[in-house]
$ cat upload-v5.cif   # mmCIF, C-alpha atoms
data_coords
#
loop_
_atom_site.label_atom_id
_atom_site.label_comp_id
_atom_site.auth_asym_id
_atom_site.auth_seq_id
_atom_site.Cartn_x
_atom_site.Cartn_y
_atom_site.Cartn_z
CA MET A 1 -1.87 19.57 0.26
CA THR A 2 -3.57 16.53 -1.18
CA ALA A 3 -3.09 12.99 0.03
CA GLU A 4 -1.53 11.97 -3.29
CA LEU A 5 1.74 13.85 -2.80
CA ARG A 6 4.68 11.52 -2.50
CA ALA A 7 7.85 12.21 -0.56
CA ALA A 8 10.22 11.24 -3.38
CA ALA A 9 8.59 13.76 -5.74
CA LEU A 10 9.03 16.52 -3.16
CA HIS A 11 12.67 15.57 -2.47
CA LEU A 12 11.72 14.61 1.04
CA VAL A 13 13.10 11.55 2.81
CA SER A 14 11.55 10.04 5.88
CA CYS A 15 14.00 8.54 8.36
CA ASP A 16 13.30 4.81 8.81
CA ALA A 17 14.31 4.92 12.45
CA CYS A 18 12.73 8.05 13.90
CA SER A 19 10.30 9.06 11.12
CA LEU A 20 11.71 12.58 10.89
CA VAL A 21 11.00 14.09 7.48
CA VAL A 22 14.15 15.56 5.94
CA ASN A 23 14.47 17.77 2.88
CA GLU A 24 17.15 16.22 0.66
CA SER A 25 18.26 19.48 -0.92
CA THR A 26 18.83 21.23 2.40
CA ALA A 27 20.32 18.20 4.17
CA ALA A 28 22.49 19.72 6.88
CA GLU A 29 25.98 18.95 8.15
CA HIS A 30 25.90 15.22 7.50
CA PRO A 31 24.53 14.62 4.03
CA GLY A 32 22.71 11.33 3.76
CA HIS A 33 22.20 11.05 7.50
CA CYS A 34 19.23 11.92 9.66
CA PRO A 35 19.94 15.14 11.58
CA ARG A 36 17.96 13.89 14.57
CA CYS A 37 19.09 10.28 15.03
CA HIS A 38 22.07 10.02 12.62
CA GLU A 39 20.67 6.95 10.88
CA VAL A 40 21.56 6.62 7.18
CA LEU A 41 18.71 8.00 5.08
CA HIS A 42 17.34 5.89 2.24
CA ARG A 43 14.68 6.91 -0.22
CA ARG A 44 14.11 3.20 -0.70
CA LYS A 45 15.71 0.22 1.00
CA PRO A 46 18.99 -0.43 -0.85
CA ASP A 47 19.00 -3.25 -3.41
CA SER A 48 15.58 -4.21 -2.14
CA LEU A 49 14.36 -6.51 -4.90
CA ARG A 50 17.63 -8.35 -5.44
CA ARG A 51 18.23 -8.99 -1.74
CA SER A 52 14.67 -10.05 -1.20
CA TRP A 53 14.81 -12.48 -4.16
CA ALA A 54 18.07 -13.99 -2.89
CA TYR A 55 16.69 -14.70 0.59
CA LEU A 56 13.42 -15.92 -0.84
CA ILE A 57 14.97 -18.38 -3.29
CA ALA A 58 17.21 -19.77 -0.55
CA ALA A 59 14.15 -20.15 1.69
CA ALA A 60 12.13 -21.89 -1.04
CA ILE A 61 14.93 -24.40 -1.69
CA LEU A 62 15.35 -25.20 2.01
CA TYR A 63 11.59 -25.57 2.39
CA ILE A 64 11.85 -28.94 0.60
CA PRO A 65 14.27 -30.67 3.03
CA ALA A 66 12.47 -28.91 5.89
CA ASN A 67 9.35 -30.91 5.10
CA LEU A 68 10.85 -34.14 3.76
CA LEU A 69 13.59 -34.78 6.31
CA PRO A 70 12.55 -35.98 9.76
CA ALA A 71 12.32 -33.29 12.40
CA LEU A 72 12.54 -35.80 15.24
CA HIS A 73 14.01 -39.27 15.75
CA THR A 74 12.38 -41.02 18.69
CA THR A 75 13.75 -44.18 20.28
CA ARG A 76 11.55 -45.91 22.83
CA LEU A 77 11.44 -49.39 24.35
CA PHE A 78 9.35 -50.61 21.44
CA GLY A 79 11.38 -49.28 18.60
CA ARG A 80 12.22 -46.22 16.67
CA SER A 81 10.21 -43.69 14.78
CA ASP A 82 10.95 -40.70 12.60
CA ASP A 83 8.61 -37.75 12.49
CA THR A 84 8.48 -35.00 9.93
CA ILE A 85 6.85 -31.69 10.77
CA LEU A 86 3.63 -32.80 9.07
CA SER A 87 3.46 -36.19 10.78
CA GLY A 88 4.02 -34.42 14.10
CA VAL A 89 0.87 -32.42 13.40
CA VAL A 90 -1.05 -35.59 12.56
CA GLU A 91 0.12 -37.17 15.82
CA LEU A 92 -1.03 -34.16 17.84
CA TRP A 93 -4.42 -34.42 16.12
CA GLN A 94 -4.72 -38.13 16.86
CA ASP A 95 -3.79 -37.54 20.51
CA GLY A 96 -6.90 -35.38 20.70
CA SER A 97 -5.18 -31.99 20.88
CA TRP A 98 -6.84 -30.74 17.74
CA ASP A 99 -6.54 -27.12 18.86
CA LEU A 100 -2.75 -27.29 19.19
CA ALA A 101 -2.59 -29.35 15.99
CA ILE A 102 -4.30 -26.49 14.14
CA ILE A 103 -1.92 -23.92 15.69
CA VAL A 104 1.17 -25.93 14.76
CA PHE A 105 -0.18 -26.71 11.28
CA THR A 106 -0.85 -23.02 10.68
CA ALA A 107 2.47 -21.84 12.09
CA SER A 108 4.67 -24.48 10.43
CA ILE A 109 3.00 -25.35 7.13
CA VAL A 110 0.52 -22.65 6.11
CA VAL A 111 2.44 -19.55 7.21
CA PRO A 112 5.80 -20.35 5.55
CA LEU A 113 4.08 -21.37 2.29
CA LEU A 114 1.91 -18.28 2.38
CA LYS A 115 4.93 -16.08 3.03
CA ILE A 116 6.94 -17.56 0.18
CA GLY A 117 3.97 -17.34 -2.20
CA VAL A 118 2.99 -13.80 -1.25
CA LEU A 119 6.56 -12.50 -1.40
CA ALA A 120 7.13 -14.09 -4.82
CA MET A 121 3.90 -12.49 -6.07
CA LEU A 122 4.87 -9.08 -4.64
CA LEU A 123 8.36 -9.29 -6.15
CA ILE A 124 7.13 -10.28 -9.60
CA THR A 125 4.32 -7.72 -9.77
CA THR A 126 6.60 -4.98 -8.45
CA GLN A 127 9.33 -5.81 -10.92
CA ARG A 128 6.84 -5.60 -13.77
CA GLY A 129 5.69 -2.19 -12.55
CA SER A 130 2.18 -3.47 -12.09
CA THR A 131 -0.45 -1.07 -10.78
CA TRP A 132 -2.81 -3.92 -9.99
CA ARG A 133 -4.45 -3.69 -6.54
CA GLN A 134 -1.67 -1.69 -4.91
CA ARG A 135 -3.62 -1.16 -1.71
CA GLU A 136 -4.28 -4.85 -1.22
CA ARG A 137 -0.70 -5.80 -2.09
CA THR A 138 0.63 -3.34 0.47
CA ARG A 139 -1.72 -4.83 3.00
CA LEU A 140 -0.53 -8.36 2.23
CA TYR A 141 2.99 -7.16 2.87
CA ARG A 142 2.03 -5.84 6.29
CA ILE A 143 0.40 -9.17 7.13
CA ILE A 144 3.43 -11.31 6.26
CA GLU A 145 5.66 -8.86 8.12
CA PHE A 146 3.53 -9.36 11.21
CA ILE A 147 3.23 -13.17 11.20
CA GLY A 148 6.90 -13.85 10.45
CA GLN A 149 8.18 -14.91 13.83
CA TRP A 150 5.30 -17.27 14.62
CA SER A 151 6.79 -19.90 12.38
CA MET A 152 9.55 -20.37 14.94
CA LEU A 153 6.96 -22.23 17.01
CA ASP A 154 7.92 -25.68 15.80
CA VAL A 155 11.62 -25.02 16.21
CA PHE A 156 11.05 -24.15 19.86
CA ALA A 157 8.70 -27.08 20.34
CA VAL A 158 11.22 -29.58 18.97
CA ALA A 159 14.06 -28.08 21.00
CA LEU A 160 11.97 -28.25 24.15
CA LEU A 161 10.86 -31.79 23.46
CA VAL A 162 14.40 -32.99 22.87
CA THR A 163 15.62 -31.21 25.97
CA LEU A 164 12.85 -32.25 28.32
CA VAL A 165 13.01 -35.86 27.28
CA HIS A 166 16.75 -35.76 27.72
CA PHE A 167 16.14 -34.49 31.25
CA GLY A 168 13.71 -37.22 32.10
CA ALA A 169 15.76 -40.02 30.49
CA PHE A 170 12.64 -42.06 29.67
CA ALA A 171 13.14 -42.18 25.95
CA ARG A 172 15.61 -40.90 23.44
CA ILE A 173 14.62 -38.13 21.11
CA GLU A 174 17.07 -36.60 18.69
CA PRO A 175 16.49 -33.66 16.41
CA GLY A 176 16.57 -34.39 12.69
CA GLY A 177 17.86 -32.35 9.78
CA GLY A 178 14.31 -31.23 9.01
CA ILE A 179 14.08 -28.90 11.96
CA ILE A 180 17.40 -27.21 11.21
CA ALA A 181 16.31 -26.62 7.61
CA PHE A 182 12.97 -25.38 8.86
CA GLY A 183 14.56 -22.90 11.27
CA ALA A 184 16.66 -21.60 8.38
CA VAL A 185 13.51 -21.20 6.22
CA VAL A 186 11.87 -19.10 8.94
CA LEU A 187 14.90 -16.85 9.41
CA LEU A 188 15.39 -16.46 5.64
CA THR A 189 11.75 -15.53 4.99
CA MET A 190 11.95 -12.98 7.83
CA LEU A 191 15.04 -11.46 6.18
CA ALA A 192 13.40 -11.55 2.72
CA THR A 193 10.38 -9.70 4.11
CA LYS A 194 12.55 -7.10 5.84
CA SER A 195 14.51 -6.49 2.62
CA PHE A 196 11.43 -5.83 0.50
CA ASP A 197 10.42 -2.19 0.28
CA PRO A 198 6.62 -1.81 -0.08
CA ARG A 199 7.07 1.74 -1.38
CA LEU A 200 8.28 0.15 -4.62
CA ILE A 201 4.74 -1.14 -5.15
CA TRP A 202 3.69 2.51 -5.46
CA ASP A 203 6.64 3.51 -7.65
CA ALA A 204 5.11 1.77 -10.66
CA PRO A 205 5.23 4.07 -13.72
CA ALA A 206 1.50 4.60 -14.01
CA ALA A 207 1.14 4.40 -10.28
CA ARG A 208 -0.68 7.64 -9.64
CA PRO A 209 -4.36 6.85 -9.48
CA PRO A 210 -6.60 9.52 -10.96
CA PRO A 211 -7.34 12.18 -8.34
CA ARG A 212 -10.24 11.13 -6.25
CA THR A 213 -13.44 12.97 -6.79
CA ASP A 214 -15.27 11.40 -3.89
CA GLN A 215 -14.87 12.98 -0.50
CA HIS A 216 -13.17 10.52 1.72
CA HIS A 217 -13.11 11.00 5.45
CA ASP A 218 -11.59 8.31 7.63
CA MET B 1 6.50 24.24 7.61
CA PRO B 2 8.74 22.48 10.19
CA ALA B 3 9.65 18.92 9.26
CA GLN B 4 8.05 17.46 12.40
CA ALA B 5 4.73 18.72 11.13
CA LEU B 6 4.90 16.10 8.37
CA ILE B 7 4.88 12.35 8.35
CA VAL B 8 5.59 10.07 5.39
CA CYS B 9 3.88 6.69 5.11
CA GLU B 10 6.56 4.01 5.41
CA HIS B 11 4.58 1.67 3.17
CA CYS B 12 3.78 3.89 0.18
CA ASP B 13 5.76 7.16 0.61
CA THR B 14 2.71 9.43 0.73
CA VAL B 15 3.26 12.70 2.60
CA HIS B 16 0.78 13.62 5.30
CA ARG B 17 0.39 16.50 7.70
CA ARG B 18 0.61 15.43 11.33
CA VAL B 19 -2.44 16.14 13.42
CA GLU B 20 -2.83 15.86 17.16
CA LEU B 21 -4.63 12.62 18.01
CA ALA B 22 -6.88 11.72 20.90
CA PRO B 23 -5.42 9.07 23.24
CA GLY B 24 -5.92 5.61 21.78
CA ALA B 25 -6.55 6.97 18.28
CA ALA B 26 -4.51 5.95 15.24
CA ALA B 27 -3.80 7.76 11.98
CA ARG B 28 -3.97 5.74 8.77
CA CYS B 29 -2.52 6.47 5.37
CA HIS B 30 -4.97 7.90 2.87
CA THR B 31 -3.35 6.10 -0.07
CA CYS B 32 -2.54 2.59 1.13
CA GLY B 33 -4.52 2.33 4.37
CA GLY B 34 -1.45 1.47 6.43
CA PRO B 35 -0.89 2.71 9.97
CA LEU B 36 0.93 6.06 10.09
CA TYR B 37 1.28 6.74 13.80
CA HIS B 38 -0.86 6.40 16.85
CA ARG B 39 -1.15 7.93 20.21
CA SER B 40 -0.96 5.30 22.86
CA ARG B 41 -3.36 5.25 25.75
CA LEU B 42 -0.32 4.82 27.92
CA GLU B 43 1.60 7.76 29.22
CA LEU B 44 5.38 7.58 29.58
CA ASN B 45 5.00 6.82 33.29
CA ALA B 46 2.70 3.90 32.59
CA MET B 47 5.22 2.54 30.08
CA LEU B 48 7.91 2.86 32.71
CA ALA B 49 5.75 0.99 35.21
CA LEU B 50 5.19 -1.80 32.68
CA THR B 51 8.94 -1.98 32.08
CA ILE B 52 9.77 -2.28 35.77
CA ALA B 53 7.07 -4.90 36.23
CA GLY B 54 8.51 -6.69 33.19
CA ILE B 55 12.00 -6.79 34.70
CA ILE B 56 10.67 -8.25 37.97
CA VAL B 57 8.55 -10.85 36.19
CA PHE B 58 11.49 -11.70 33.92
CA ALA B 59 13.60 -12.47 37.00
CA VAL B 60 10.84 -14.65 38.47
CA ALA B 61 10.28 -16.46 35.18
CA ASN B 62 13.93 -17.42 35.02
CA ALA B 63 14.41 -18.22 38.69
CA TYR B 64 11.67 -20.85 38.86
CA PRO B 65 11.38 -24.06 36.88
CA LEU B 66 8.91 -24.07 34.00
CA VAL B 67 7.72 -27.63 34.51
CA THR B 68 8.53 -30.72 36.54
CA LEU B 69 8.61 -34.08 34.83
CA SER B 70 8.15 -37.38 36.55
CA SER B 71 8.35 -40.84 35.11
CA GLN B 72 9.00 -44.15 36.84
CA GLY B 73 10.02 -42.51 40.09
CA ILE B 74 12.43 -40.08 38.50
CA ARG B 75 11.49 -36.46 39.03
CA ASN B 76 13.13 -33.58 37.21
CA GLU B 77 12.69 -29.85 37.28
CA ALA B 78 13.42 -27.81 34.19
CA ALA B 79 14.13 -24.08 34.28
CA LEU B 80 14.82 -22.17 31.07
CA TRP B 81 18.56 -22.02 31.61
CA GLN B 82 18.91 -25.68 32.50
CA MET B 83 17.09 -26.50 29.28
CA VAL B 84 19.25 -24.22 27.18
CA ALA B 85 22.41 -25.74 28.70
CA SER B 86 21.13 -29.24 28.10
CA ALA B 87 20.17 -28.46 24.51
CA TRP B 88 23.60 -26.95 24.00
CA ASN B 89 25.18 -30.23 25.06
CA SER B 90 22.99 -32.43 22.88
CA HIS B 91 23.00 -32.13 19.11
CA ILE B 92 21.08 -28.90 18.81
CA ALA B 93 23.59 -26.30 19.93
CA LEU B 94 22.38 -23.99 17.15
CA VAL B 95 18.76 -24.15 18.27
CA ALA B 96 19.88 -23.70 21.87
CA ALA B 97 21.71 -20.53 20.87
CA ILE B 98 18.67 -19.20 18.99
CA ALA B 99 16.42 -19.93 21.97
CA ALA B 100 18.86 -18.32 24.42
CA LEU B 101 18.97 -15.18 22.26
CA THR B 102 15.29 -14.84 21.39
CA VAL B 103 13.82 -15.90 24.73
CA PHE B 104 16.42 -14.64 27.20
CA PHE B 105 18.96 -12.08 25.96
CA PHE B 106 16.86 -10.08 23.48
CA PRO B 107 13.84 -9.62 25.80
CA LEU B 108 16.17 -8.74 28.70
CA LEU B 109 18.06 -6.23 26.58
CA GLN B 110 14.73 -4.83 25.36
CA LEU B 111 13.51 -4.28 28.93
CA ALA B 112 16.84 -2.76 29.98
CA LEU B 113 16.76 -0.35 27.03
CA TYR B 114 13.16 0.65 27.76
CA ALA B 115 14.17 1.40 31.37
CA TYR B 116 17.24 3.32 30.26
CA ILE B 117 15.23 5.44 27.83
CA LEU B 118 12.01 5.92 29.77
CA LEU B 119 13.38 6.71 33.21
CA PRO B 120 15.13 9.98 32.18
CA LEU B 121 12.40 10.85 29.64
CA SER B 122 9.74 10.69 32.34
CA LEU B 123 11.81 13.34 34.17
CA HIS B 124 12.00 15.39 30.95
CA ARG B 125 15.64 14.58 30.40
CA VAL B 126 17.23 12.87 27.43
CA PRO B 127 19.60 10.03 28.39
CA ARG B 128 23.14 9.88 27.08
CA GLY B 129 23.35 7.81 23.92
CA PHE B 130 19.59 8.12 23.35
CA ALA B 131 19.93 7.66 19.58
CA ALA B 132 22.04 4.50 19.91
CA ALA B 133 19.64 3.01 22.47
CA MET B 134 16.64 3.77 20.27
CA HIS B 135 18.28 2.19 17.23
CA LEU B 136 19.12 -0.96 19.14
CA LEU B 137 15.56 -1.16 20.49
CA ARG B 138 14.17 -0.90 16.96
CA GLN B 139 16.47 -3.62 15.63
CA LEU B 140 15.63 -5.98 18.50
CA ARG B 141 11.90 -5.84 18.20
CA PRO B 142 11.18 -8.62 15.68
CA TRP B 143 13.74 -10.94 17.28
CA SER B 144 12.21 -11.15 20.72
CA MET B 145 10.03 -14.26 20.74
CA VAL B 146 8.81 -14.90 24.27
CA GLU B 147 5.20 -15.39 23.13
CA VAL B 148 6.17 -17.92 20.48
CA PHE B 149 8.24 -19.79 23.05
CA LEU B 150 5.28 -19.90 25.42
CA ILE B 151 3.04 -21.62 22.86
CA GLY B 152 5.99 -23.92 22.06
CA VAL B 153 6.05 -25.01 25.71
CA LEU B 154 2.33 -25.81 25.58
CA VAL B 155 2.77 -27.91 22.43
CA THR B 156 5.64 -29.78 24.07
CA ILE B 157 3.69 -30.48 27.25
CA ILE B 158 0.96 -32.14 25.22
CA LYS B 159 3.42 -34.16 23.14
CA ILE B 160 5.34 -35.33 26.17
CA GLY B 161 2.21 -36.18 28.13
CA SER B 162 2.27 -39.79 26.94
CA LEU B 163 5.83 -40.28 28.17
CA ALA B 164 5.83 -38.58 31.56
CA ASP B 165 3.71 -36.71 34.08
CA VAL B 166 4.14 -33.00 33.56
CA VAL B 167 3.31 -30.45 36.26
CA LEU B 168 3.35 -26.75 35.46
CA GLN B 169 5.52 -24.62 37.73
CA PRO B 170 5.59 -20.88 38.57
CA GLY B 171 8.11 -20.23 35.80
CA ILE B 172 5.57 -20.95 33.08
CA TRP B 173 2.93 -18.63 34.57
CA SER B 174 5.55 -15.91 34.89
CA PHE B 175 6.37 -16.34 31.22
CA GLY B 176 2.69 -15.89 30.47
CA VAL B 177 2.61 -12.61 32.43
CA LEU B 178 5.86 -11.49 30.80
CA THR B 179 4.31 -12.11 27.36
CA ALA B 180 1.35 -9.89 28.28
CA LEU B 181 3.63 -7.11 29.57
CA LEU B 182 5.89 -7.18 26.51
CA THR B 183 2.86 -7.13 24.21
CA ALA B 184 1.50 -4.08 26.03
CA LEU B 185 4.89 -2.37 25.68
CA ALA B 186 5.05 -3.23 21.98
CA GLY B 187 1.72 -1.43 21.51
CA PHE B 188 3.56 1.85 22.01
CA ASP B 189 4.95 3.48 18.88
CA THR B 190 8.63 3.93 19.81
CA ARG B 191 9.13 6.50 17.06
CA GLU B 192 6.92 8.78 19.13
CA LEU B 193 9.60 8.71 21.81
CA TRP B 194 11.71 10.81 19.45
CA GLN B 195 9.04 13.49 19.63
CA ALA B 196 9.09 13.22 23.44
CA ALA B 197 12.88 13.63 23.38
CA ASP B 198 12.57 16.71 21.14
CA GLU B 199 10.14 18.24 23.59
CA ALA B 200 12.37 17.38 26.57
CA GLN B 201 15.31 19.12 24.93
CA ARG B 202 13.40 22.31 24.39
#
$ encode --input "upload-v5.cif" --output "structure tokens"
Amino acid sequence: MTAELRAAALHLVSCDACSLVVNESTAAEHPGHCPRCHEVLHRRKPDSLRRSWAYLIAAAILYIPANLLPALHTTRLFGRSDDTILSGVVELWQDGSWDLAIIVFTASIVVPLLKIGVLAMLLITTQRGSTWRQRERTRLYRIIEFIGQWSMLDVFAVALLVTLVHFGAFARIEPGGGIIAFGAVVLLTMLATKSFDPRLIWDAPAARPPPRTDQHHD
Amino acid sequence: MPAQALIVCEHCDTVHRRVELAPGAAARCHTCGGPLYHRSRLELNAMLALTIAGIIVFAVANAYPLVTLSSQGIRNEAALWQMVASAWNSHIALVAAIAALTVFFFPLLQLALYAYILLPLSLHRVPRGFAAAMHLLRQLRPWSMVEVFLIGVLVTIIKIGSLADVVLQPGIWSFGVLTALLTALAGFDTRELWQAADEAQR
């Protein structure tokens, strides 16, 4: 058995939930279901590209109000100020907490943009059946899958800030529309990532690389 | 060849033969380089111990306040649930609901499911409704965000520092420990528990 054999070509399906490998032609009592854990078997995630595009486009649209609308309205003795997500980062930096400023900047600005950009790239290249750098593209997918939830950081931070200040009653802080839009962006990009099936990257027509001649042990 | 002798890469659909791994070792896909499966350093019993510790720490983290705030003679304690309730009553009910789910209910359910699955498995028995419990556990995983919440608290403490004096309370340290325990638990490949269940049934 060489490493280049693919499950679909062998009529094998791997269960997403318990990783049992099932032979499609001899699928037992419940066709289409895993005999071990009864999960529905999919060769590929259903409607992967269309669902992923839908979530992604919604996320990209909401990304605009998420950054333009204020995330926080603050009322103090000396007046009122509105902060967007970006100006919140700047304020953290000016307060001297440059380390936290970098964390928040990464989690709230860089990561969502990166996710939207990478997913769009993966969707377009996959749709075109591109065989360009499949290994690296698969790896990018794993990275955005892993970092997804960290973007919720700012949503939590704003909620905590609003709540704690409310407790202390020493100023008035209200959440703005920006943070709601931002929370929606994070959830939508997480859903878009989950809907995308990286196996499609390797389903490209000319996808089979020429058999390796070098001995590869890892 | 029995089906359990094979594993298919979830990222690129390449078929591999399963080999026995040394503890702590991981198998990677030959085609795309993605992780295939790994054998955790932790035995089932160690996982169970982590789970029980997690449940205790979870209780402590929620019983104590996270921080106390004082400003102009007013002193307030804030525990997670007081904050969620307060957020619910201000204009961010939606965010309060998300926080309650991702920081309280999902992690709690996760720990309960781990206990429910691991306790019988460590005695070589398969619990009733094993498949349903395993499916729920898999679905929950990305939606449990205790570690993100923890960093969120730190950010908030800095931001609020100019408005009030903030003192950290036992609740916040417990959340730190809980984060470490949940991360250790997440290092275990839950799909391997299916193999353990197969062996227990034999």
$ resolve_selection --input "upload-v5.cif" --expression "the PyMOL selection byres ((chain A) within 7 of (chain B))" --output "short mmCIF file (atom, residue, chain, number, x, y, z; two decimals) with C-alpha atoms, in the coordinates of the input"
data_model
loop_
_atom_site.label_atom_id
_atom_site.label_comp_id
_atom_site.auth_asym_id
_atom_site.auth_seq_id
_atom_site.Cartn_x
_atom_site.Cartn_y
_atom_site.Cartn_z
CA ALA A 3 -3.09 12.99 0.03
CA GLU A 4 -1.53 11.97 -3.29
CA LEU A 5 1.74 13.85 -2.80
CA ARG A 6 4.68 11.52 -2.50
CA ALA A 7 7.85 12.21 -0.56
CA SER A 14 11.55 10.04 5.88
CA ALA A 17 14.31 4.92 12.45
CA CYS A 18 12.73 8.05 13.90
CA SER A 19 10.30 9.06 11.12
CA LEU A 20 11.71 12.58 10.89
CA VAL A 21 11.00 14.09 7.48
CA VAL A 22 14.15 15.56 5.94
CA CYS A 37 19.09 10.28 15.03
CA LEU A 92 -1.03 -34.16 17.84
CA LEU A 100 -2.75 -27.29 19.19
CA ARG A 135 -3.62 -1.16 -1.71
CA THR A 138 0.63 -3.34 0.47
CA TRP A 150 5.30 -17.27 14.62
CA MET A 152 9.55 -20.37 14.94
CA LEU A 153 6.96 -22.23 17.01
CA ASP A 154 7.92 -25.68 15.80
CA PHE A 156 11.05 -24.15 19.86
CA ALA A 157 8.70 -27.08 20.34
CA ALA A 159 14.06 -28.08 21.00
CA LEU A 160 11.97 -28.25 24.15
CA LEU A 161 10.86 -31.79 23.46
CA THR A 163 15.62 -31.21 25.97
CA PHE A 167 16.14 -34.49 31.25
CA GLY A 168 13.71 -37.22 32.10
CA PRO A 198 6.62 -1.81 -0.08
CA ARG A 199 7.07 1.74 -1.38
CA TRP A 202 3.69 2.51 -5.46
#
$ resolve_selection --input "upload-v5.cif" --expression "the PyMOL selection byres ((chain A and resi 106-111) around 10)" --output "VMD selection string"
(chain A and resid 63 67 85 to 86 89 100 to 105 112 to 117 144 147 to 155 182 186) or (chain B and resid 148)
$ atom_distance --input "upload-v5.cif" --atom1 "CA of Thr179 (chain B)" --atom2 "CA of Ala133 (chain B)"
22.1 Å
$ atom_distance --input "upload-v5.cif" --atom1 "CA of Ile52 (chain B)" --atom2 "CA of Ala25 (chain B)"
25.6 Å
$ axis_aligned_box --input "upload-v5.cif" --around "region 47-52 of chain B" --padding-each-side "3 Å" --output "lines of an AutoDock Vina configuration file"
center_x = 7.5
center_y = 0.3
center_z = 32.9
size_x = 10.6
size_y = 11.1
size_z = 11.7
$ closest_residue --input "upload-v5.cif" --among "B:Val166, B:Leu137, B:Ala115, B:Ala61" --to "Trp81 (chain B)" --atoms "all atoms listed in the file"
B:Ala61
$ resolve_selection --input "upload-v5.cif" --expression "the PyMOL selection byres ((chain B and resi 24) around 12)" --output "MDAnalysis selection string"
chainID B and resid 20:23 25:27 37:43 187:189
$ atom_distance --input "upload-v5.cif" --atom1 "CA of Val126 (chain B)" --atom2 "CA of Thr51 (chain B)"
17.6 Å
$ residues_near_point --input "upload-v5.cif" --point "(13.6, -41.1, 2.7)" --cutoff "12 Å" --atoms "only C-alpha atoms" --output "list in words"
Pro65, Asn67, Leu68, Leu69, Pro70, Asp82, Asp83, Thr84 and Gly178 of chain A
$ decode --input "upload-v5.cif" --residues "region 190-194 of chain A" --atoms "all heavy atoms" --output "compact mmCIF listing (two decimals), in the first residue's frame"
# COMPACT_ATOMS: atom_id res chain seq x y z
N MET A 190 -16.10 31.22 12.13
CA MET A 190 -15.94 29.88 12.69
C MET A 190 -16.80 28.87 11.92
O MET A 190 -16.36 27.76 11.61
CB MET A 190 -16.31 29.85 14.18
CG MET A 190 -15.20 30.36 15.10
SD MET A 190 -15.69 30.41 16.85
CE MET A 190 -15.54 28.69 17.33
N LEU A 191 -18.04 29.29 11.60
CA LEU A 191 -18.94 28.40 10.85
C LEU A 191 -18.44 28.18 9.42
O LEU A 191 -18.50 27.07 8.89
CB LEU A 191 -20.36 28.98 10.83
CG LEU A 191 -21.10 28.92 12.17
CD1 LEU A 191 -22.37 29.75 12.14
CD2 LEU A 191 -21.42 27.48 12.53
N ALA A 192 -17.92 29.27 8.80
CA ALA A 192 -17.39 29.15 7.44
C ALA A 192 -16.23 28.16 7.41
O ALA A 192 -16.12 27.34 6.50
CB ALA A 192 -16.95 30.51 6.92
N THR A 193 -15.37 28.24 8.43
CA THR A 193 -14.22 27.33 8.49
C THR A 193 -14.67 25.90 8.68
O THR A 193 -14.17 24.97 8.04
CB THR A 193 -13.30 27.74 9.66
OG1 THR A 193 -13.05 29.14 9.59
CG2 THR A 193 -11.98 27.00 9.60
N LYS A 194 -15.65 25.70 9.57
CA LYS A 194 -16.16 24.35 9.81
C LYS A 194 -16.82 23.75 8.57
O LYS A 194 -16.77 22.54 8.37
CB LYS A 194 -17.19 24.37 10.95
CG LYS A 194 -16.61 24.13 12.31
CD LYS A 194 -17.71 24.05 13.37
CE LYS A 194 -18.30 22.68 13.49
NZ LYS A 194 -17.41 21.74 14.17
